[in-house]
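Please read the structure below before turning to the comments.
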Amino acid sequence: MAETAARHWVAHGPDDLLPLPILYNYRHSIELSLKWLIRKAAQCALREGYTGEEDLSPDQLDKRLRTHNIRRLADCLNRYLALLDLPKVEQRIDPESWSQLSWLDSEDATGETYRYAVVGHGADRAPARPVQQNVNFYEQVNELHKLAHLLWGGYSSHLGEYENWQIEYMEAMDTAGY
């Protein structure tokens with residue numbers, strides 16, 4: 001949805017109705033990708049025999065992933081990537097992606113800024129975006145687009161291949177009688 005709306009915005013010129021839905025949908029896509037990657041990294045760690053202090057069971061992951069906070073999710077993914085038998089450089093989110101994730105978290109830490117006009121309850125209600133900011137929208141959306149595709153297409157493919165390697169290795173070890 002975000003990409004379709006962004007392409008429309010680029011092709012037809014600026015439309016004041018589109019920036020927030022575009023930002024929200026990219027943000028939501030990135031959040032869901034991080035959650036999926038966390039689950040996949042946890043599964044891989046458990047398959048490798050992880051027995052550390054953090055409970056990586058699906059029930060505990062469900063509880064841990066009940067957040068919309070991008071920073072918290074990115075930190076969790078970094079922790080879980082570090083549990084895997086990957087080259088050191090692949091055990092963390094790359095610096096450029098980390099920078100974009102940090103920016104996104106600073107803009108919308110709760111997942112509400114792009115979703116609602118007003119946030120909070122009762123006396124704490126306030127405008128979600130109290131200060132108008134001028135940004136290079138095209139550049140920012142392009143960066144979010146690259147990040148969303150890298151997380152989904154790059155990181156998820158890499159973890160998928162890692163998982164396939166794990167499964168093949170375990171099958172070979174079983175066949176060999178180990």
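Residue numbering restarts at 1 for every chain of the structure tokens, chains are lettered A, B, ... in their displayed order, and ligands are numbered from 1 as they appear.
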- request: Pick out each residue of chain A that DSSP on the backbone tags as strand (DSSP E); I need them as a count of residues only.
  value: 4
Counting only C-alpha atoms, what is within 9 Å of segment 39-56 of chain A, bar same-chain residues fewer than 2 positions away, as an mmCIF file with C-alpha atoms, in the first residue's frame?
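Dumped everything to part_0.cif:
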data_model
loop_
_atom_site.group_PDB
_atom_site.id
_atom_site.type_symbol
_atom_site.label_atom_id
_atom_site.label_comp_id
_atom_site.auth_asym_id
_atom_site.auth_seq_id
_atom_site.Cartn_x
_atom_site.Cartn_y
_atom_site.Cartn_z
ATOM 1 C CA LEU A 34 10.962 -6.680 12.445
ATOM 2 C CA LYS A 35 8.487 -8.869 14.349
ATOM 3 C CA TRP A 36 8.700 -11.612 11.723
ATOM 4 C CA LEU A 37 12.516 -11.441 11.705
ATOM 5 C CA PRO A 58 6.419 -18.672 21.017
ATOM 6 C CA ASP A 59 4.256 -17.673 24.025
ATOM 7 C CA GLN A 60 6.967 -15.452 25.446
ATOM 8 C CA LEU A 61 7.701 -14.005 22.019
ATOM 9 C CA LEU A 77 16.356 -8.437 16.637
ATOM 10 C CA TYR A 80 18.604 -12.613 18.591
ATOM 11 C CA LEU A 81 20.866 -12.247 15.557
ATOM 12 C CA LEU A 83 22.707 -15.717 19.172
ATOM 13 C CA LEU A 84 23.179 -17.243 15.735
ATOM 14 C CA ASP A 85 26.298 -18.767 14.251
ATOM 15 C CA SER A 156 14.267 -12.311 5.740
ATOM 16 C CA LEU A 159 17.478 -15.803 7.680
ATOM 17 C CA GLY A 160 15.427 -18.121 5.470
ATOM 18 C CA TYR A 162 20.207 -19.779 7.252
ATOM 19 C CA GLU A 163 17.197 -21.778 8.441
ATOM 20 C CA GLN A 166 20.275 -25.522 9.634
ATOM 21 C CA ILE A 167 17.595 -27.998 8.612
#
message: Quick check for you: according to DSSP on this backbone, which residues of segment 57-141 of chain A are classed as helix (DSSP H, G or I)? Reply as a ChimeraX atom specification.
response: /A:58-64,70-81,88-91,95-107,122-124,137-141
query: Near Pro19 of chain A, within 8 Å and counting only C-alpha atoms, which residues show up once chain neighbours fewer than 4 positions away are dropped, as a count of residues only?
result: 3
message: Just to confirm, what's the straight-line distance from atom CA of Glu143 of chain A to atom CA of Arg129 of chain A in Å (one decimal)?
response: 20.9 Å
task: For Leu144 of chain A, list every protein, DNA or RNA residue within 12 Å, evaluated using only C-alpha atoms, and leave out those in the same chain fewer than 2 positions away; present the list as number ranges by chain.
output: A: 2-3, 6, 22-31, 96-104, 137-142, 146-151
Keeping only N, CA and C atoms, take the residues you just selected and write them out as a JSON list (two decimals), in the first residue's frame.
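As a result, again.json now contains:
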[["chain", "number", "residue", "atom", "x", "y", "z"],
["A", 2, "ALA", "N", 1.89, 1.25, 0.85],
["A", 2, "ALA", "CA", 2.76, 2.43, 0.94],
["A", 2, "ALA", "C", 3.43, 2.71, -0.40],
["A", 3, "GLU", "N", 3.94, 1.66, -1.02],
["A", 3, "GLU", "CA", 4.63, 1.85, -2.29],
["A", 3, "GLU", "C", 3.66, 2.34, -3.37],
["A", 6, "ALA", "N", 2.91, 5.95, -2.66],
["A", 6, "ALA", "CA", 4.10, 6.77, -2.93],
["A", 6, "ALA", "C", 4.31, 6.94, -4.42],
["A", 22, "ILE", "N", 1.07, 7.25, 3.66],
["A", 22, "ILE", "CA", 2.30, 6.65, 3.13],
["A", 22, "ILE", "C", 3.27, 6.35, 4.27],
["A", 23, "LEU", "N", 3.52, 7.34, 5.13],
["A", 23, "LEU", "CA", 4.44, 7.13, 6.25],
["A", 23, "LEU", "C", 3.92, 6.04, 7.18],
["A", 24, "TYR", "N", 2.62, 6.06, 7.48],
["A", 24, "TYR", "CA", 2.05, 5.05, 8.38],
["A", 24, "TYR", "C", 2.25, 3.65, 7.80],
["A", 25, "ASN", "N", 1.93, 3.48, 6.52],
["A", 25, "ASN", "CA", 2.02, 2.14, 5.94],
["A", 25, "ASN", "C", 3.45, 1.64, 5.82],
["A", 26, "TYR", "N", 4.40, 2.53, 5.52],
["A", 26, "TYR", "CA", 5.80, 2.10, 5.53],
["A", 26, "TYR", "C", 6.22, 1.73, 6.95],
["A", 27, "ARG", "N", 5.84, 2.56, 7.92],
["A", 27, "ARG", "CA", 6.19, 2.29, 9.30],
["A", 27, "ARG", "C", 5.62, 0.95, 9.76],
["A", 28, "HIS", "N", 4.36, 0.71, 9.42],
["A", 28, "HIS", "CA", 3.70, -0.53, 9.83],
["A", 28, "HIS", "C", 4.36, -1.74, 9.16],
["A", 29, "SER", "N", 4.71, -1.61, 7.90],
["A", 29, "SER", "CA", 5.40, -2.68, 7.20],
["A", 29, "SER", "C", 6.74, -3.00, 7.86],
["A", 30, "ILE", "N", 7.46, -1.97, 8.22],
["A", 30, "ILE", "CA", 8.76, -2.15, 8.88],
["A", 30, "ILE", "C", 8.57, -2.81, 10.24],
["A", 31, "GLU", "N", 7.57, -2.37, 10.99],
["A", 31, "GLU", "CA", 7.29, -2.98, 12.30],
["A", 31, "GLU", "C", 6.98, -4.47, 12.15],
["A", 96, "GLU", "N", 23.40, 1.75, 8.37],
["A", 96, "GLU", "CA", 22.49, 2.62, 7.62],
["A", 96, "GLU", "C", 21.03, 2.31, 7.96],
["A", 97, "SER", "N", 20.70, 1.02, 8.03],
["A", 97, "SER", "CA", 19.34, 0.63, 8.41],
["A", 97, "SER", "C", 19.06, 1.05, 9.85],
["A", 98, "TRP", "N", 20.04, 0.87, 10.72],
["A", 98, "TRP", "CA", 19.87, 1.27, 12.12],
["A", 98, "TRP", "C", 19.56, 2.77, 12.23],
["A", 99, "SER", "N", 20.24, 3.55, 11.41],
["A", 99, "SER", "CA", 20.00, 4.99, 11.41],
["A", 99, "SER", "C", 18.56, 5.30, 11.01],
["A", 100, "GLN", "N", 18.07, 4.64, 9.99],
["A", 100, "GLN", "CA", 16.68, 4.85, 9.55],
["A", 100, "GLN", "C", 15.69, 4.37, 10.61],
["A", 101, "LEU", "N", 15.97, 3.24, 11.23],
["A", 101, "LEU", "CA", 15.10, 2.74, 12.29],
["A", 101, "LEU", "C", 15.06, 3.71, 13.46],
["A", 102, "SER", "N", 16.21, 4.27, 13.80],
["A", 102, "SER", "CA", 16.27, 5.25, 14.89],
["A", 102, "SER", "C", 15.47, 6.50, 14.54],
["A", 103, "TRP", "N", 15.60, 6.97, 13.31],
["A", 103, "TRP", "CA", 14.82, 8.13, 12.88],
["A", 103, "TRP", "C", 13.33, 7.82, 12.97],
["A", 104, "LEU", "N", 12.93, 6.67, 12.46],
["A", 104, "LEU", "CA", 11.52, 6.30, 12.48],
["A", 104, "LEU", "C", 11.00, 6.20, 13.91],
["A", 137, "PHE", "N", 10.14, 15.10, 1.60],
["A", 137, "PHE", "CA", 9.27, 13.93, 1.66],
["A", 137, "PHE", "C", 9.71, 12.84, 0.69],
["A", 138, "TYR", "N", 10.03, 13.23, -0.51],
["A", 138, "TYR", "CA", 10.46, 12.24, -1.51],
["A", 138, "TYR", "C", 11.68, 11.46, -1.01],
["A", 139, "GLU", "N", 12.67, 12.18, -0.49],
["A", 139, "GLU", "CA", 13.88, 11.52, 0.01],
["A", 139, "GLU", "C", 13.57, 10.61, 1.20],
["A", 140, "GLN", "N", 12.75, 11.10, 2.13],
["A", 140, "GLN", "CA", 12.43, 10.30, 3.32],
["A", 140, "GLN", "C", 11.66, 9.03, 2.95],
["A", 141, "VAL", "N", 10.69, 9.17, 2.06],
["A", 141, "VAL", "CA", 9.92, 8.00, 1.63],
["A", 141, "VAL", "C", 10.81, 7.03, 0.88],
["A", 142, "ASN", "N", 11.73, 7.53, 0.08],
["A", 142, "ASN", "CA", 12.66, 6.65, -0.63],
["A", 142, "ASN", "C", 13.51, 5.85, 0.36],
["A", 146, "LYS", "N", 13.46, 1.78, 0.83],
["A", 146, "LYS", "CA", 14.65, 0.92, 0.79],
["A", 146, "LYS", "C", 14.75, 0.08, 2.06],
["A", 147, "LEU", "N", 14.48, 0.69, 3.21],
["A", 147, "LEU", "CA", 14.55, -0.03, 4.47],
["A", 147, "LEU", "C", 13.52, -1.15, 4.52],
["A", 148, "ALA", "N", 12.29, -0.85, 4.14],
["A", 148, "ALA", "CA", 11.23, -1.86, 4.15],
["A", 148, "ALA", "C", 11.60, -3.04, 3.25],
["A", 149, "HIS", "N", 12.12, -2.75, 2.07],
["A", 149, "HIS", "CA", 12.51, -3.82, 1.15],
["A", 149, "HIS", "C", 13.73, -4.58, 1.65],
["A", 150, "LEU", "N", 14.66, -3.89, 2.28],
["A", 150, "LEU", "CA", 15.84, -4.58, 2.82],
["A", 150, "LEU", "C", 15.44, -5.53, 3.95],
["A", 151, "LEU", "N", 14.59, -5.06, 4.84],
["A", 151, "LEU", "CA", 14.17, -5.93, 5.94],
["A", 151, "LEU", "C", 13.42, -7.14, 5.42]]
Show me, as a short mmCIF file (atom, residue, chain, number, x, y, z; two decimals) with N, CA and C atoms, in the first residue's frame, the residues that have an atom within 9 Å of Pro21 of chain A when counting only C-alpha atoms, minus same-chain residues fewer than 6 positions from it.
data_model
loop_
_atom_site.label_atom_id
_atom_site.label_comp_id
_atom_site.auth_asym_id
_atom_site.auth_seq_id
_atom_site.Cartn_x
_atom_site.Cartn_y
_atom_site.Cartn_z
N MET A 1 0.82 -1.18 0.00
CA MET A 1 0.00 0.00 0.00
C MET A 1 0.88 1.25 0.00
N ALA A 2 1.89 1.25 0.85
CA ALA A 2 2.76 2.43 0.94
C ALA A 2 3.43 2.71 -0.40
N ALA A 5 0.86 4.07 -2.97
CA ALA A 5 0.52 5.48 -2.70
C ALA A 5 1.70 6.40 -2.99
N TYR A 114 1.50 8.60 13.18
CA TYR A 114 1.03 8.63 11.80
C TYR A 114 -0.38 8.06 11.66
N ARG A 115 -0.84 7.39 12.72
CA ARG A 115 -2.14 6.72 12.66
C ARG A 115 -3.28 7.62 13.11
#
